[in-house]
Amino acid sequence: MTYRPSSGQLPDREAIPVPYTWDLGHICRSWEEWQQSYKELEQEIEAFKSRQGTLASGADALLGAYRAMDRMGVLSYRVWYYASLRYDEDQRNNEINARRQHVQILFAREHQSSSWFNPELLAIPLETIRRWMELSPPLAVYRFAIEALFHEQEHVLDEQGERLLSYATRSSSVSHESYAALTTADMKPPTIGLSGGEQIALSYGQYRAILETNRSQDDRATAYRAFHQIYADNRNTYAALYNGVLQRDWFHARARGYETTLEAALHGNDIPSSVVETLINVTKEGVEPLRRYHRLRRRVLGVDSYRLFDLSIPLVEHHAQYTYDDVVPWIIDSVSGLGREYQQHVRDAFNGRWIDVFENSGKRSGAYSAPVYGTHPYMLLNFNETLDAVFTLAHEMGHSMHTLLAHRSQPFVYAGYTIFVAEVPSTLNEALFLDFMLEQADTDNQRAVLLQHAIDSITSTFYTQVMFADFELQAHRLVEQDQPITAEVLSAIYSGLLREYYGDVLDDEPLSAMTWARIPHFFSTPYYVYQYATCFASTARLMQDLRSPDSATKSDGVERYLALLRAGGSGYPMDLLRTAGIDLSRPDTVRAVATELDTLVSQLESALGSQGGAVRDPEFRPNNAY
Ligand SMILES: [Zn+2]
């Protein structure tokens, strides 16, 4: 039996053949069983309160509390994901939505009933706890969790200080909430006229679509300028809001005794500031492949001028469709280099109904991998047969294998992993899949489509994110040095960065300097985006070994990589990566990305050959002649 999504009206969920849906019965067999787990969790939460005041009595009491938290954690995964994944199947179902919200309310109670734990533990001298751990191997399992908590404690203030800081919590989100209101709720999309005569209201979705698909440069320019003009018209408001974010970060950093805002942001994960500084500096030194790529684009697109709105239009037209049934064996083949066991896990994911493949009416959009502890990861897709959808599947499968290996190898307390390592397996799986597809491709056009996809993911996931990190760092430093923050200052930083990264490849476009006002991450989660770039660099470094013609280097690389996946969250991310052979403080780790981009651009150049204009590839199916 096979199924393919068709355009037009979305099918009801019942119309999707069962093998293409996930089987949530592995989490709970029924709502009754879910209700049972919910009650158990409720009881555990109640019972946990009685442990308050006991921790100092010794290793057994502390171990008992940790194990009780593990039980609550395991149950939390089960009750949350069963309700939440069921809800995502059809978000119009209010009954399930209500159950999901009940879980959220229960989590708030869980949070309250265990809030005494950290302060009580931290009141015991670390030396005492270390002695307990030496005598009690079961307690020593929690060593990293305990040490990390004390590490965080280094910048916690006394009671009065913490109380004062807690009063500031509510005002600290005002800037980014105002940003969100100004940018979404209060934003009126401008109406623009396109060259074909049509008038459209320019939502963000429309804007993206025009930049990515409209082959008229005039139309792209019109959309780009109309969209950025809104930000330019409110430039002083945006600058004032961003200043609010910067001042808040500096306030918290100083209040807690950090030297810089960057140090404050990195302390929790124990990452030295030099990692971000090295990332930025080495990337700036390695911009030549980026410029080479854009010079090539400019030539192939055959445009007289080249600006930011010309960066997303594909060089190669491709409308090939990839059926899910065809893609499954390719994904399995693509991971063969990681060993039989890993490959078997991927096969299990496909055969064991871990994946909800197709769109149906009411289903949640996008794609994710859900780390359901106690069963196996689940993946939600909206597979629409495009090349993007295929790479998304490879990406989510990477996350899922990370989850699977970490859950199987670690005690519950370390089963989760941080974002700092999370995007390594996902991007690595994409890289393996790219290699596989390139090998299968038998025309230059097919190769060009794939190379363009890979290059665009490097430019957007790596170079752009490093440039963003660079912007955030420069802006925060101005505040740290008591310099004023105005729209002119922020725009000057941004246009300076565009020059440093793109050189003379980009023609001047005054509105591009306003890009900073358009990036929600700057306002909502400062110093966050660099982690995509460090993950990408780690992957590029690992792939150098995995692609090595020397079999010893390769198998050693595979072993180290699998050990990283199995390590879950059992250490600080830099340490975990170091055991996988990745040292992010070393320039050559970061340089691996520029090296890879350079190779890909050369391959793209030769795939495009002497063609001056955009090439067309109506059908593209590896292994298939038709
Ligand atoms: Zn991801």
# chains A, B, ... in the order shown; residues from 1 in each chain; ligands from 1
$ residues_near_ligand --ligand "ligand 1" --cutoff "10 Å" --atoms "only C-alpha atoms and all ligand atoms" --output "MDAnalysis selection string"
chainID A and resid 367:369 392 395:400 419 422:427 532
$ residues_around --residues "stretch 598-600 of chain A" --least-positions-apart "5" --cutoff "9 Å" --atoms "only C-alpha atoms" --output "list in words"
Glu288, Pro289, Leu290, Arg292, Tyr293, Leu451, Gln452, Ala454, Ile455, Val593 and Glu605 of chain A
$ write_last_selection --atoms "N, CA, C and O atoms" --output "mmCIF file, in the first residue's frame"
data_model
loop_
_atom_site.group_PDB
_atom_site.id
_atom_site.type_symbol
_atom_site.label_atom_id
_atom_site.label_comp_id
_atom_site.auth_asym_id
_atom_site.auth_seq_id
_atom_site.Cartn_x
_atom_site.Cartn_y
_atom_site.Cartn_z
ATOM 1 N N GLU A 288 36.228 34.183 2.461
ATOM 2 C CA GLU A 288 36.465 34.148 1.014
ATOM 3 C C GLU A 288 35.570 33.122 0.285
ATOM 4 O O GLU A 288 34.978 33.454 -0.748
ATOM 5 N N PRO A 289 35.394 31.900 0.804
ATOM 6 C CA PRO A 289 34.480 30.971 0.106
ATOM 7 C C PRO A 289 33.048 31.505 0.021
ATOM 8 O O PRO A 289 32.353 31.271 -0.962
ATOM 9 N N LEU A 290 32.621 32.240 1.045
ATOM 10 C CA LEU A 290 31.287 32.843 1.043
ATOM 11 C C LEU A 290 31.181 33.851 -0.108
ATOM 12 O O LEU A 290 30.211 33.859 -0.866
ATOM 13 N N ARG A 292 33.080 33.963 -2.744
ATOM 14 C CA ARG A 292 33.210 33.225 -4.003
ATOM 15 C C ARG A 292 31.852 32.699 -4.446
ATOM 16 O O ARG A 292 31.480 32.767 -5.611
ATOM 17 N N TYR A 293 31.116 32.148 -3.468
ATOM 18 C CA TYR A 293 29.787 31.611 -3.768
ATOM 19 C C TYR A 293 28.883 32.716 -4.315
ATOM 20 O O TYR A 293 28.184 32.528 -5.308
ATOM 21 N N LEU A 451 23.979 20.558 -4.282
ATOM 22 C CA LEU A 451 25.062 21.403 -3.778
ATOM 23 C C LEU A 451 24.526 22.745 -3.313
ATOM 24 O O LEU A 451 24.934 23.277 -2.280
ATOM 25 N N GLN A 452 23.575 23.261 -4.084
ATOM 26 C CA GLN A 452 22.990 24.535 -3.692
ATOM 27 C C GLN A 452 22.292 24.398 -2.338
ATOM 28 O O GLN A 452 22.406 25.267 -1.476
ATOM 29 N N ALA A 454 23.025 22.315 0.058
ATOM 30 C CA ALA A 454 24.039 22.184 1.109
ATOM 31 C C ALA A 454 24.712 23.535 1.389
ATOM 32 O O ALA A 454 24.931 23.905 2.550
ATOM 33 N N ILE A 455 25.017 24.259 0.335
ATOM 34 C CA ILE A 455 25.688 25.547 0.504
ATOM 35 C C ILE A 455 24.767 26.537 1.216
ATOM 36 O O ILE A 455 25.183 27.248 2.135
ATOM 37 N N VAL A 593 34.572 24.595 8.519
ATOM 38 C CA VAL A 593 33.383 25.012 7.774
ATOM 39 C C VAL A 593 33.771 25.725 6.479
ATOM 40 O O VAL A 593 33.239 25.429 5.404
ATOM 41 N N GLU A 605 30.507 25.008 -9.013
ATOM 42 C CA GLU A 605 31.025 25.670 -10.205
ATOM 43 C C GLU A 605 31.134 24.682 -11.360
ATOM 44 O O GLU A 605 30.711 24.964 -12.466
#
$ residues_around --residues "A:Glu14" --least-positions-apart "5" --cutoff "12 Å" --atoms "only C-alpha atoms" --output "JSON, numbers by chain"
{"A": [19, 20, 21, 89, 90, 358, 359, 360, 361, 362]}
$ atom_distance --atom1 "atom CA of A:Leu478" --atom2 "atom CA of A:Tyr224"
29.2 Å
$ atom_distance --atom1 "atom CA of A:His319" --atom2 "atom CA of A:Thr2"
21.3 Å
$ closest_residue --among "A:Cys28, A:Leu164, A:Ala108, A:Leu584" --to "A:Arg86" --atoms "only C-alpha atoms"
A:Cys28
$ residues_around --residues "A:His453" --least-positions-apart "3" --cutoff "10 Å" --atoms "only C-alpha atoms" --output "NGL selection string"
:A and (314 or 387-388 or 391 or 434 or 447-450 or 456-458)
$ write_last_selection --atoms "C-alpha atoms" --output "mmCIF file, in the first residue's frame"
data_model
loop_
_atom_site.group_PDB
_atom_site.id
_atom_site.type_symbol
_atom_site.label_atom_id
_atom_site.label_comp_id
_atom_site.auth_asym_id
_atom_site.auth_seq_id
_atom_site.Cartn_x
_atom_site.Cartn_y
_atom_site.Cartn_z
ATOM 1 C CA PRO A 314 17.556 29.339 -6.423
ATOM 2 C CA LEU A 387 13.868 18.222 -1.333
ATOM 3 C CA ASP A 388 13.512 20.293 1.840
ATOM 4 C CA PHE A 391 16.441 16.763 4.322
ATOM 5 C CA LEU A 434 23.929 14.854 1.033
ATOM 6 C CA ARG A 447 24.328 17.692 -8.481
ATOM 7 C CA ALA A 448 23.766 21.451 -8.712
ATOM 8 C CA VAL A 449 20.405 21.199 -6.917
ATOM 9 C CA LEU A 450 21.961 19.229 -4.064
ATOM 10 C CA ASP A 456 22.584 27.487 1.465
ATOM 11 C CA SER A 457 22.391 25.589 4.701
ATOM 12 C CA ILE A 458 26.028 26.516 5.475
#
$ atom_distance --atom1 "atom CA of A:Arg109" --atom2 "atom CA of A:Ala140"
28.4 Å
